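Trainee: The following file, start09.tsv, comprises TSV, C-alpha atoms (C1' of nucleotides):
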```
chain	number	residue	atom	x	y	z
A	1	MET	CA	-1.27	-5.26	65.15
A	2	ASP	CA	-4.13	-5.58	67.58
A	3	ALA	CA	-6.41	-6.95	64.93
A	4	ASP	CA	-6.21	-10.63	64.13
A	5	ARG	CA	-5.32	-10.95	60.50
A	6	THR	CA	-6.46	-14.53	60.24
A	7	PRO	CA	-9.60	-14.64	58.09
A	8	ASP	CA	-12.72	-16.61	58.89
A	9	HIS	CA	-12.91	-20.21	57.82
A	10	PRO	CA	-16.30	-21.89	57.51
A	11	ASP	CA	-17.24	-25.10	59.21
A	12	LEU	CA	-17.35	-27.73	56.48
A	13	ARG	CA	-20.77	-28.86	57.67
A	14	GLU	CA	-22.15	-25.51	56.63
A	15	VAL	CA	-20.62	-25.42	53.20
A	16	THR	CA	-23.03	-26.33	50.42
A	17	LEU	CA	-22.26	-28.36	47.32
A	18	GLN	CA	-23.41	-25.37	45.33
A	19	ARG	CA	-20.70	-23.19	46.83
A	20	VAL	CA	-18.06	-25.84	46.28
A	21	LEU	CA	-18.91	-26.30	42.62
A	22	GLU	CA	-19.04	-22.55	42.06
A	23	ALA	CA	-15.52	-22.44	43.47
A	24	LEU	CA	-14.22	-25.33	41.39
A	25	VAL	CA	-15.75	-24.26	38.10
A	26	ASP	CA	-13.27	-21.45	37.62
A	27	PRO	CA	-10.08	-22.67	35.91
A	28	VAL	CA	-7.82	-20.34	37.87
A	29	ARG	CA	-9.21	-21.53	41.18
A	30	ARG	CA	-9.04	-25.15	40.05
A	31	SER	CA	-5.42	-24.60	39.14
A	32	ILE	CA	-4.74	-23.25	42.62
A	33	VAL	CA	-6.32	-26.32	44.18
A	34	THR	CA	-4.40	-28.67	41.92
A	35	GLN	CA	-1.10	-26.92	42.63
A	36	LEU	CA	-1.81	-27.16	46.36
A	37	SER	CA	-2.68	-30.81	45.99
A	38	ASP	CA	0.62	-31.49	44.26
A	39	ALA	CA	2.74	-29.39	46.60
A	40	PRO	CA	4.62	-30.85	49.56
A	41	ALA	CA	4.05	-27.72	51.68
A	42	ASP	CA	1.94	-24.60	52.01
A	43	ILE	CA	2.13	-22.00	49.28
A	44	SER	CA	1.93	-18.25	49.69
A	45	CYS	CA	-0.60	-16.29	47.65
A	46	GLY	CA	2.20	-14.97	45.48
A	47	GLY	CA	3.76	-18.38	45.03
A	48	PHE	CA	1.24	-19.82	42.62
A	49	ASP	CA	1.64	-20.10	38.90
A	50	ILE	CA	-1.42	-18.16	37.83
A	51	SER	CA	-1.82	-15.44	35.25
A	52	VAL	CA	-4.07	-12.90	36.87
A	53	SER	CA	-3.45	-9.66	38.74
A	54	LYS	CA	-2.93	-9.63	42.47
A	55	SER	CA	-6.36	-8.22	43.21
A	56	THR	CA	-7.98	-10.92	41.12
A	57	ALA	CA	-5.91	-13.54	42.92
A	58	THR	CA	-7.11	-12.21	46.27
A	59	HIS	CA	-10.66	-12.64	45.05
A	60	HIS	CA	-10.04	-16.25	44.04
A	61	PHE	CA	-8.45	-17.11	47.37
A	62	ARG	CA	-11.43	-15.72	49.21
A	63	VAL	CA	-13.84	-17.80	47.14
A	64	LEU	CA	-11.80	-20.94	47.80
A	65	ARG	CA	-11.62	-20.17	51.49
A	66	GLU	CA	-15.35	-19.55	51.78
A	67	ALA	CA	-15.99	-22.82	49.98
A	68	GLY	CA	-14.01	-24.63	52.67
A	69	LEU	CA	-11.33	-25.75	50.25
A	70	ILE	CA	-8.33	-23.91	51.67
A	71	ARG	CA	-7.09	-22.59	54.96
A	72	GLN	CA	-5.14	-19.34	55.14
A	73	HIS	CA	-2.83	-17.94	57.78
A	74	TYR	CA	-0.23	-15.22	57.84
A	75	VAL	CA	3.49	-15.69	58.17
A	76	GLY	CA	5.03	-12.25	58.18
A	77	THR	CA	3.58	-10.39	55.23
A	78	SER	CA	2.85	-13.59	53.37
A	79	ARG	CA	-0.47	-15.36	53.46
A	80	MET	CA	0.05	-19.08	53.36
A	81	ASN	CA	-2.47	-21.47	51.83
A	82	THR	CA	-3.22	-25.09	52.71
A	83	LEU	CA	-5.72	-27.56	51.32
A	84	ARG	CA	-8.29	-28.62	53.92
A	85	ARG	CA	-8.16	-32.06	52.41
A	86	ALA	CA	-9.16	-34.35	55.26
A	87	GLU	CA	-12.05	-32.20	56.42
A	88	PHE	CA	-13.22	-31.60	52.89
A	89	ASP	CA	-13.05	-35.28	51.96
A	90	GLN	CA	-15.23	-36.11	54.91
A	91	ALA	CA	-17.85	-33.59	53.84
A	92	PHE	CA	-17.67	-34.31	50.11
A	93	PRO	CA	-16.25	-37.81	49.65
A	94	GLY	CA	-14.43	-38.39	46.41
A	95	LEU	CA	-15.09	-34.96	44.96
A	96	LEU	CA	-11.69	-33.37	45.39
A	97	ASP	CA	-9.85	-36.41	44.09
A	98	ALA	CA	-12.08	-36.66	41.04
A	99	VAL	CA	-11.66	-33.00	40.15
A	100	VAL	CA	-7.94	-32.82	40.80
A	101	THR	CA	-7.32	-36.02	38.86
A	102	ALA	CA	-9.31	-34.80	35.88
A	103	ASP	CA	-7.70	-31.38	36.08
A	104	ARG	CA	-4.20	-32.81	36.07
A	105	ALA	CA	-5.07	-34.93	33.06
A	106	SER	CA	-6.31	-31.92	31.13
A	107	SER	CA	-3.29	-29.67	31.54
B	1	MET	CA	-39.53	-37.61	8.79
B	2	ASP	CA	-36.78	-36.76	6.37
B	3	ALA	CA	-34.77	-34.87	8.96
B	4	ASP	CA	-33.04	-36.89	11.63
B	5	ARG	CA	-34.24	-35.53	14.91
B	6	THR	CA	-31.54	-37.17	16.97
B	7	PRO	CA	-29.18	-34.48	18.22
B	8	ASP	CA	-25.41	-34.71	18.21
B	9	HIS	CA	-23.69	-36.32	21.14
B	10	PRO	CA	-20.02	-35.58	21.81
B	11	ASP	CA	-17.35	-38.20	22.17
B	12	LEU	CA	-16.48	-38.26	25.86
B	13	ARG	CA	-12.79	-38.03	24.99
B	14	GLU	CA	-13.42	-34.57	23.62
B	15	VAL	CA	-15.38	-33.27	26.56
B	16	THR	CA	-13.36	-31.05	28.88
B	17	LEU	CA	-13.57	-30.96	32.65
B	18	GLN	CA	-14.38	-27.30	32.29
B	19	ARG	CA	-17.50	-28.06	30.30
B	20	VAL	CA	-18.56	-30.76	32.73
B	21	LEU	CA	-18.25	-28.52	35.76
B	22	GLU	CA	-20.06	-25.69	33.99
B	23	ALA	CA	-22.88	-28.15	33.41
B	24	LEU	CA	-22.95	-29.45	36.97
B	25	VAL	CA	-22.73	-26.09	38.69
B	26	ASP	CA	-26.30	-25.19	37.86
B	27	PRO	CA	-28.73	-26.53	40.48
B	28	VAL	CA	-31.46	-27.25	37.94
B	29	ARG	CA	-29.11	-29.29	35.78
B	30	ARG	CA	-27.70	-31.06	38.81
B	31	SER	CA	-31.24	-31.94	39.83
B	32	ILE	CA	-31.86	-33.42	36.39
B	33	VAL	CA	-28.74	-35.54	36.67
B	34	THR	CA	-29.64	-36.71	40.17
B	35	GLN	CA	-33.19	-37.60	39.14
B	36	LEU	CA	-31.82	-39.57	36.21
B	37	SER	CA	-29.36	-41.31	38.47
B	38	ASP	CA	-32.16	-42.36	40.81
B	39	ALA	CA	-34.60	-43.38	38.09
B	40	PRO	CA	-34.95	-46.98	36.89
B	41	ALA	CA	-35.63	-45.91	33.31
B	42	ASP	CA	-35.28	-43.05	30.85
B	43	ILE	CA	-37.20	-39.86	31.52
B	44	SER	CA	-38.77	-37.57	28.96
B	45	CYS	CA	-37.91	-33.88	29.02
B	46	GLY	CA	-41.32	-33.12	30.44
B	47	GLY	CA	-41.08	-35.84	33.06
B	48	PHE	CA	-38.66	-34.12	35.38
B	49	ASP	CA	-39.49	-32.31	38.57
B	50	ILE	CA	-37.99	-28.93	37.76
B	51	SER	CA	-39.42	-25.47	38.15
B	52	VAL	CA	-38.46	-23.66	34.99
B	53	SER	CA	-40.22	-22.95	31.73
B	54	LYS	CA	-40.07	-25.33	28.80
B	55	SER	CA	-37.67	-23.19	26.83
B	56	THR	CA	-35.33	-22.95	29.81
B	57	ALA	CA	-35.52	-26.71	30.25
B	58	THR	CA	-34.55	-27.20	26.62
B	59	HIS	CA	-31.52	-25.03	27.24
B	60	HIS	CA	-30.48	-27.10	30.26
B	61	PHE	CA	-30.84	-30.38	28.38
B	62	ARG	CA	-28.64	-29.10	25.61
B	63	VAL	CA	-25.94	-28.08	28.06
B	64	LEU	CA	-26.04	-31.50	29.72
B	65	ARG	CA	-25.92	-33.25	26.36
B	66	GLU	CA	-22.97	-31.18	25.15
B	67	ALA	CA	-21.15	-31.95	28.38
B	68	GLY	CA	-21.52	-35.66	27.63
B	69	LEU	CA	-23.69	-36.29	30.66
B	70	ILE	CA	-26.90	-37.38	28.98
B	71	ARG	CA	-28.02	-39.05	25.79
B	72	GLN	CA	-31.23	-37.98	24.09
B	73	HIS	CA	-33.42	-39.78	21.57
B	74	TYR	CA	-36.95	-39.29	20.35
B	75	VAL	CA	-39.85	-41.62	21.00
B	76	GLY	CA	-42.84	-40.15	19.23
B	77	THR	CA	-43.04	-36.53	20.27
B	78	SER	CA	-41.14	-37.16	23.47
B	79	ARG	CA	-37.44	-36.74	23.86
B	80	MET	CA	-36.10	-39.34	26.23
B	81	ASN	CA	-33.05	-38.76	28.41
B	82	THR	CA	-30.50	-41.24	29.71
B	83	LEU	CA	-27.40	-40.83	31.81
B	84	ARG	CA	-24.23	-41.78	29.93
B	85	ARG	CA	-22.94	-43.22	33.17
B	86	ALA	CA	-20.47	-45.87	32.06
B	87	GLU	CA	-18.84	-43.72	29.40
B	88	PHE	CA	-18.75	-40.72	31.66
B	89	ASP	CA	-17.26	-42.65	34.56
B	90	GLN	CA	-14.49	-43.84	32.33
B	91	ALA	CA	-13.65	-40.31	31.26
B	92	PHE	CA	-14.11	-38.70	34.69
B	93	PRO	CA	-13.69	-41.40	37.33
B	94	GLY	CA	-15.55	-40.78	40.54
B	95	LEU	CA	-16.89	-37.38	39.59
B	96	LEU	CA	-20.51	-38.25	38.91
B	97	ASP	CA	-20.82	-40.37	42.03
B	98	ALA	CA	-19.32	-37.67	44.22
B	99	VAL	CA	-21.61	-34.98	42.86
B	100	VAL	CA	-24.77	-37.06	42.89
B	101	THR	CA	-24.09	-38.30	46.39
B	102	ALA	CA	-23.49	-34.81	47.71
B	103	ASP	CA	-26.50	-33.48	45.83
B	104	ARG	CA	-28.80	-36.12	47.27
B	105	ALA	CA	-27.54	-35.31	50.76
B	106	SER	CA	-28.29	-31.63	50.33
B	107	SER	CA	-31.91	-31.89	49.22
C	1	DG	C1'	11.76	6.59	60.77
C	2	DT	C1'	11.82	5.11	56.00
C	3	DC	C1'	11.04	2.08	52.41
C	4	DA	C1'	9.85	-2.00	49.91
C	5	DA	C1'	7.16	-6.28	49.71
C	6	DA	C1'	2.79	-8.75	50.09
C	7	DC	C1'	-1.89	-8.53	50.13
C	8	DT	C1'	-6.57	-6.44	50.54
C	9	DT	C1'	-10.37	-3.33	49.51
C	10	DC	C1'	-13.03	-0.72	46.54
C	11	DG	C1'	-15.34	0.67	42.45
C	12	DA	C1'	-15.89	-0.06	37.46
C	13	DT	C1'	-16.44	-2.73	33.35
C	14	DG	C1'	-17.26	-6.27	30.01
C	15	DA	C1'	-18.72	-10.89	29.17
C	16	DT	C1'	-21.37	-14.70	30.27
C	17	DT	C1'	-25.64	-16.95	31.38
C	18	DG	C1'	-30.11	-18.38	33.37
C	19	DT	C1'	-34.59	-16.98	32.49
C	20	DC	C1'	-38.75	-16.13	29.91
C	21	DG	C1'	-42.32	-15.40	26.13
C	22	DT	C1'	-43.40	-15.96	21.48
C	23	DA	C1'	-43.22	-18.29	17.36
C	24	DC	C1'	-42.21	-22.47	15.09
C	25	DT	C1'	-41.80	-27.75	13.90
C	26	DA	C1'	-42.84	-32.54	14.26
C	27	DT	C1'	-45.59	-36.40	15.73
C	28	DG	C1'	-49.76	-39.02	16.76
C	29	DG	C1'	-54.73	-39.53	17.29
C	30	DC	C1'	-59.27	-38.52	15.56
D	1	DG	C1'	-57.47	-32.73	7.17
D	2	DC	C1'	-57.53	-30.92	12.01
D	3	DC	C1'	-55.84	-30.37	16.51
D	4	DA	C1'	-53.44	-31.21	20.75
D	5	DT	C1'	-48.96	-32.56	22.66
D	6	DA	C1'	-43.88	-32.20	23.17
D	7	DG	C1'	-40.11	-29.79	22.31
D	8	DT	C1'	-36.98	-26.38	19.81
D	9	DA	C1'	-35.29	-21.76	18.17
D	10	DC	C1'	-34.84	-17.02	18.75
D	11	DG	C1'	-34.36	-12.62	20.86
D	12	DA	C1'	-34.36	-9.97	24.94
D	13	DC	C1'	-33.44	-8.90	29.67
D	14	DA	C1'	-31.45	-9.05	34.35
D	15	DA	C1'	-28.08	-10.75	37.34
D	16	DT	C1'	-23.75	-12.59	38.25
D	17	DC	C1'	-18.84	-12.66	38.02
D	18	DA	C1'	-13.95	-12.55	36.56
D	19	DT	C1'	-11.01	-8.98	35.68
D	20	DC	C1'	-8.36	-4.85	36.41
D	21	DG	C1'	-6.16	-0.53	38.39
D	22	DA	C1'	-5.63	2.57	42.06
D	23	DA	C1'	-5.34	3.35	46.77
D	24	DG	C1'	-4.77	1.60	51.39
D	25	DT	C1'	-2.72	-1.56	55.26
D	26	DT	C1'	0.51	-4.41	57.57
D	27	DT	C1'	4.88	-6.32	58.24
D	28	DG	C1'	9.87	-6.69	58.22
D	29	DA	C1'	14.41	-4.95	57.04
D	30	DC	C1'	17.60	-1.23	57.27
```
Is it possible to express this structure as structure tokens?
Mentor:
Amino acid sequence: MDADRTPDHPDLREVTLQRVLEALVDPVRRSIVTQLSDAPADISCGGFDISVSKSTATHHFRVLREAGLIRQHYVGTSRMNTLRRAEFDQAFPGLLDAVVTADRASS
Amino acid sequence: MDADRTPDHPDLREVTLQRVLEALVDPVRRSIVTQLSDAPADISCGGFDISVSKSTATHHFRVLREAGLIRQHYVGTSRMNTLRRAEFDQAFPGLLDAVVTADRASS
DNA sequence: GTCAAACTTCGATGATTGTCGTACTATGGC
DNA sequence: GCCATAGTACGACAATCATCGAAGTTTGAC
């Protein structure tokens, strides 16, 4: 319990467009972002409607976190996920809205 | 001149977000789009500032064309490229602007 | 202390893809 | 006709990546 279980979150100023697009190009990750965008509250890693194994899901959450798209923190044994919307919008204006809107339309 | 050398261009209504993001995630292709967005006129395939071989460039242009991002037509031996901006914006509102803006800022 | 739940970490694997060189086609100028 | 220019088509190759299962860790409940 000594160790802090909160993972590292990058400063949005140091996230590149390349990294963001690499994160958003995967349909599973895009689905996670869209579900977060539509949700009224945080969602635990296990609370998403995705069809991959748990280890694959962990991988996707790390990619999204390192791209500055989500913030993660523990509550008990659950890892909760939040969209970093305001910060992200400031760094990449219009991008998240455009992608989420198009993604919603295509599902 | 029997064969029509104009390639097929997809209807934007049949282009998926997935295909668009796969096209925009490559830095060379994104550079092509940004250069087109900044240019006052069409650009031939050989007129871009990219650092890949000709055969690789051909590949990238095909991907962009199939994603509905560019239109290509021959003028003599040159293949000219245009952004399908208006059509694309209608199908994916805000996406091209967001990506091009962020791409310009990161170069 | 014991056990289950929720994730993570660590290889391994299969598919995709960006890259190139070579060969080929079409056009325009001479 | 001949030749240079501008691209395309076709394999081939290397690197990346999404995926999984198995094993490990941390927490909370009993």
Trainee: Select, from A:His73, A:Arg19, A:Arg84, A:Lys54, the residue with the minimum atom-to-atom distance to chain B, counting all atoms listed in the file.
Mentor: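 That would be A:Arg19, the residue with the smallest distance to chain B.
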Trainee: Per residue of chain A within 12 Å of chain C, note the shortest atom pair and the distance in Å to one decimal, counting only C-alpha atoms (C1' of nucleotides), and order the rows by chain and increasing residue number, as a Markdown table.
Mentor:
```
| residue | atom | partner | partner_atom | distance |
| --- | --- | --- | --- | --- |
| A:Arg5 | CA | C:DT8 | C1' | 11.0 |
| A:Pro7 | CA | C:DT8 | C1' | 11.6 |
| A:Ser44 | CA | C:DA6 | C1' | 9.5 |
| A:Cys45 | CA | C:DC7 | C1' | 8.2 |
| A:Gly46 | CA | C:DA6 | C1' | 7.8 |
| A:Gly47 | CA | C:DA6 | C1' | 10.9 |
| A:Ser53 | CA | C:DC7 | C1' | 11.6 |
| A:Lys54 | CA | C:DC7 | C1' | 7.8 |
| A:Ser55 | CA | C:DT8 | C1' | 7.5 |
| A:Thr56 | CA | C:DT8 | C1' | 10.5 |
| A:Ala57 | CA | C:DC7 | C1' | 9.7 |
| A:Thr58 | CA | C:DT8 | C1' | 7.2 |
| A:His59 | CA | C:DT8 | C1' | 9.2 |
| A:Phe61 | CA | C:DC7 | C1' | 11.1 |
| A:Arg62 | CA | C:DT8 | C1' | 10.6 |
| A:Tyr74 | CA | C:DC7 | C1' | 10.3 |
| A:Val75 | CA | C:DA6 | C1' | 10.7 |
| A:Gly76 | CA | C:DA6 | C1' | 9.1 |
| A:Thr77 | CA | C:DA6 | C1' | 5.5 |
| A:Ser78 | CA | C:DA6 | C1' | 5.8 |
| A:Arg79 | CA | C:DC7 | C1' | 7.7 |
| A:Met80 | CA | C:DA6 | C1' | 11.2 |
```
Trainee: Restrict the selected residues to C-alpha atoms and save them as a PDB file, in the coordinates of the input.
Mentor:
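Saved to part11.pdb:
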```
ATOM      1  CA  ARG A   5      -5.320 -10.950  60.500  1.00  0.00           C
ATOM      2  CA  PRO A   7      -9.600 -14.640  58.090  1.00  0.00           C
ATOM      3  CA  SER A  44       1.930 -18.250  49.690  1.00  0.00           C
ATOM      4  CA  CYS A  45      -0.600 -16.290  47.650  1.00  0.00           C
ATOM      5  CA  GLY A  46       2.200 -14.970  45.480  1.00  0.00           C
ATOM      6  CA  GLY A  47       3.760 -18.380  45.030  1.00  0.00           C
ATOM      7  CA  SER A  53      -3.450  -9.660  38.740  1.00  0.00           C
ATOM      8  CA  LYS A  54      -2.930  -9.630  42.470  1.00  0.00           C
ATOM      9  CA  SER A  55      -6.360  -8.220  43.210  1.00  0.00           C
ATOM     10  CA  THR A  56      -7.980 -10.920  41.120  1.00  0.00           C
ATOM     11  CA  ALA A  57      -5.910 -13.540  42.920  1.00  0.00           C
ATOM     12  CA  THR A  58      -7.110 -12.210  46.270  1.00  0.00           C
ATOM     13  CA  HIS A  59     -10.660 -12.640  45.050  1.00  0.00           C
ATOM     14  CA  PHE A  61      -8.450 -17.110  47.370  1.00  0.00           C
ATOM     15  CA  ARG A  62     -11.430 -15.720  49.210  1.00  0.00           C
ATOM     16  CA  TYR A  74      -0.230 -15.220  57.840  1.00  0.00           C
ATOM     17  CA  VAL A  75       3.490 -15.690  58.170  1.00  0.00           C
ATOM     18  CA  GLY A  76       5.030 -12.250  58.180  1.00  0.00           C
ATOM     19  CA  THR A  77       3.580 -10.390  55.230  1.00  0.00           C
ATOM     20  CA  SER A  78       2.850 -13.590  53.370  1.00  0.00           C
ATOM     21  CA  ARG A  79      -0.470 -15.360  53.460  1.00  0.00           C
ATOM     22  CA  MET A  80       0.050 -19.080  53.360  1.00  0.00           C
TER      23      MET A  80
END
```
Trainee: Please report as JSON, numbers by chain which residues of chain A come no farther than 9 Å from chain B, using all atoms listed in the file.
Mentor: {"A": [16, 17, 18, 19, 20, 21, 22, 24, 25, 26, 27, 91, 92, 93, 94, 95, 96, 97, 98, 99, 101, 102, 103, 106]}
Trainee: All Cα atoms, paired in order, least squares: that's the fit I need for chain B onto chain A, output as a CSV table (one decimal) with C-alpha atoms, in the coordinates of the input.
Mentor:
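Below is the file superposed.csv, written as the result:
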```csv
chain,number,residue,atom,x,y,z
B,1,MET,CA,-0.9,-6.1,65.6
B,2,ASP,CA,-4.0,-5.5,67.5
B,3,ALA,CA,-6.2,-6.7,64.7
B,4,ASP,CA,-6.3,-10.5,64.1
B,5,ARG,CA,-5.4,-10.9,60.5
B,6,THR,CA,-6.5,-14.5,60.2
B,7,PRO,CA,-9.6,-14.6,58.1
B,8,ASP,CA,-12.7,-16.6,58.9
B,9,HIS,CA,-12.9,-20.2,57.8
B,10,PRO,CA,-16.3,-21.9,57.5
B,11,ASP,CA,-17.3,-25.1,59.2
B,12,LEU,CA,-17.3,-27.7,56.5
B,13,ARG,CA,-20.8,-28.9,57.7
B,14,GLU,CA,-22.2,-25.5,56.6
B,15,VAL,CA,-20.6,-25.4,53.2
B,16,THR,CA,-23.0,-26.3,50.4
B,17,LEU,CA,-22.2,-28.4,47.3
B,18,GLN,CA,-23.4,-25.4,45.3
B,19,ARG,CA,-20.7,-23.2,46.8
B,20,VAL,CA,-18.1,-25.9,46.3
B,21,LEU,CA,-18.9,-26.3,42.6
B,22,GLU,CA,-19.0,-22.6,42.1
B,23,ALA,CA,-15.5,-22.5,43.5
B,24,LEU,CA,-14.2,-25.3,41.4
B,25,VAL,CA,-15.7,-24.3,38.1
B,26,ASP,CA,-13.3,-21.5,37.6
B,27,PRO,CA,-10.1,-22.7,35.9
B,28,VAL,CA,-7.8,-20.3,37.8
B,29,ARG,CA,-9.2,-21.5,41.2
B,30,ARG,CA,-9.0,-25.2,40.0
B,31,SER,CA,-5.4,-24.6,39.1
B,32,ILE,CA,-4.7,-23.2,42.6
B,33,VAL,CA,-6.3,-26.3,44.2
B,34,THR,CA,-4.4,-28.7,41.9
B,35,GLN,CA,-1.1,-26.9,42.6
B,36,LEU,CA,-1.8,-27.1,46.3
B,37,SER,CA,-2.7,-30.8,46.0
B,38,ASP,CA,0.6,-31.5,44.3
B,39,ALA,CA,2.8,-29.4,46.6
B,40,PRO,CA,4.6,-30.8,49.6
B,41,ALA,CA,4.1,-27.7,51.7
B,42,ASP,CA,1.9,-24.6,52.0
B,43,ILE,CA,2.1,-22.0,49.3
B,44,SER,CA,1.9,-18.2,49.7
B,45,CYS,CA,-0.6,-16.3,47.7
B,46,GLY,CA,2.2,-15.0,45.5
B,47,GLY,CA,3.8,-18.4,45.0
B,48,PHE,CA,1.2,-19.8,42.6
B,49,ASP,CA,1.6,-20.1,38.9
B,50,ILE,CA,-1.5,-18.1,37.8
B,51,SER,CA,-1.9,-15.4,35.2
B,52,VAL,CA,-4.1,-12.9,36.9
B,53,SER,CA,-3.5,-9.7,38.7
B,54,LYS,CA,-3.0,-9.6,42.5
B,55,SER,CA,-6.4,-8.2,43.2
B,56,THR,CA,-8.0,-10.9,41.1
B,57,ALA,CA,-5.9,-13.5,42.9
B,58,THR,CA,-7.2,-12.2,46.3
B,59,HIS,CA,-10.7,-12.6,45.0
B,60,HIS,CA,-10.1,-16.2,44.0
B,61,PHE,CA,-8.5,-17.1,47.4
B,62,ARG,CA,-11.5,-15.7,49.2
B,63,VAL,CA,-13.8,-17.8,47.1
B,64,LEU,CA,-11.8,-20.9,47.8
B,65,ARG,CA,-11.6,-20.2,51.5
B,66,GLU,CA,-15.4,-19.5,51.8
B,67,ALA,CA,-16.0,-22.8,50.0
B,68,GLY,CA,-14.0,-24.6,52.7
B,69,LEU,CA,-11.3,-25.7,50.2
B,70,ILE,CA,-8.3,-23.9,51.7
B,71,ARG,CA,-7.1,-22.6,55.0
B,72,GLN,CA,-5.2,-19.3,55.1
B,73,HIS,CA,-2.8,-18.0,57.8
B,74,TYR,CA,-0.3,-15.2,57.9
B,75,VAL,CA,3.5,-15.7,58.2
B,76,GLY,CA,5.0,-12.2,58.2
B,77,THR,CA,3.6,-10.4,55.3
B,78,SER,CA,2.8,-13.6,53.4
B,79,ARG,CA,-0.5,-15.4,53.5
B,80,MET,CA,0.0,-19.1,53.4
B,81,ASN,CA,-2.5,-21.5,51.8
B,82,THR,CA,-3.2,-25.1,52.7
B,83,LEU,CA,-5.7,-27.5,51.3
B,84,ARG,CA,-8.3,-28.6,53.9
B,85,ARG,CA,-8.1,-32.1,52.4
B,86,ALA,CA,-9.2,-34.3,55.3
B,87,GLU,CA,-12.1,-32.2,56.4
B,88,PHE,CA,-13.2,-31.6,52.9
B,89,ASP,CA,-13.0,-35.3,52.0
B,90,GLN,CA,-15.2,-36.1,54.9
B,91,ALA,CA,-17.8,-33.6,53.9
B,92,PHE,CA,-17.7,-34.3,50.1
B,93,PRO,CA,-16.2,-37.8,49.7
B,94,GLY,CA,-14.4,-38.4,46.4
B,95,LEU,CA,-15.1,-35.0,45.0
B,96,LEU,CA,-11.7,-33.4,45.4
B,97,ASP,CA,-9.8,-36.4,44.1
B,98,ALA,CA,-12.1,-36.7,41.1
B,99,VAL,CA,-11.6,-33.0,40.2
B,100,VAL,CA,-7.9,-32.9,40.8
B,101,THR,CA,-7.3,-36.0,38.9
B,102,ALA,CA,-9.3,-34.8,35.9
B,103,ASP,CA,-7.7,-31.4,36.1
B,104,ARG,CA,-4.2,-32.8,36.1
B,105,ALA,CA,-5.1,-35.0,33.1
B,106,SER,CA,-6.3,-32.0,31.1
B,107,SER,CA,-3.3,-29.7,31.5
```
Trainee: Within 9 Å of chain B, which residues belong to chain D? Use all atoms listed in the file and report them as JSON, numbers by chain.
Mentor: {"D": [5, 6, 7, 8]}
Trainee: Measure the distance from atom CA of His60 of chain A to atom CA of Ile32 of chain A in Å and round it to one decimal.
Mentor: 8.9 Å
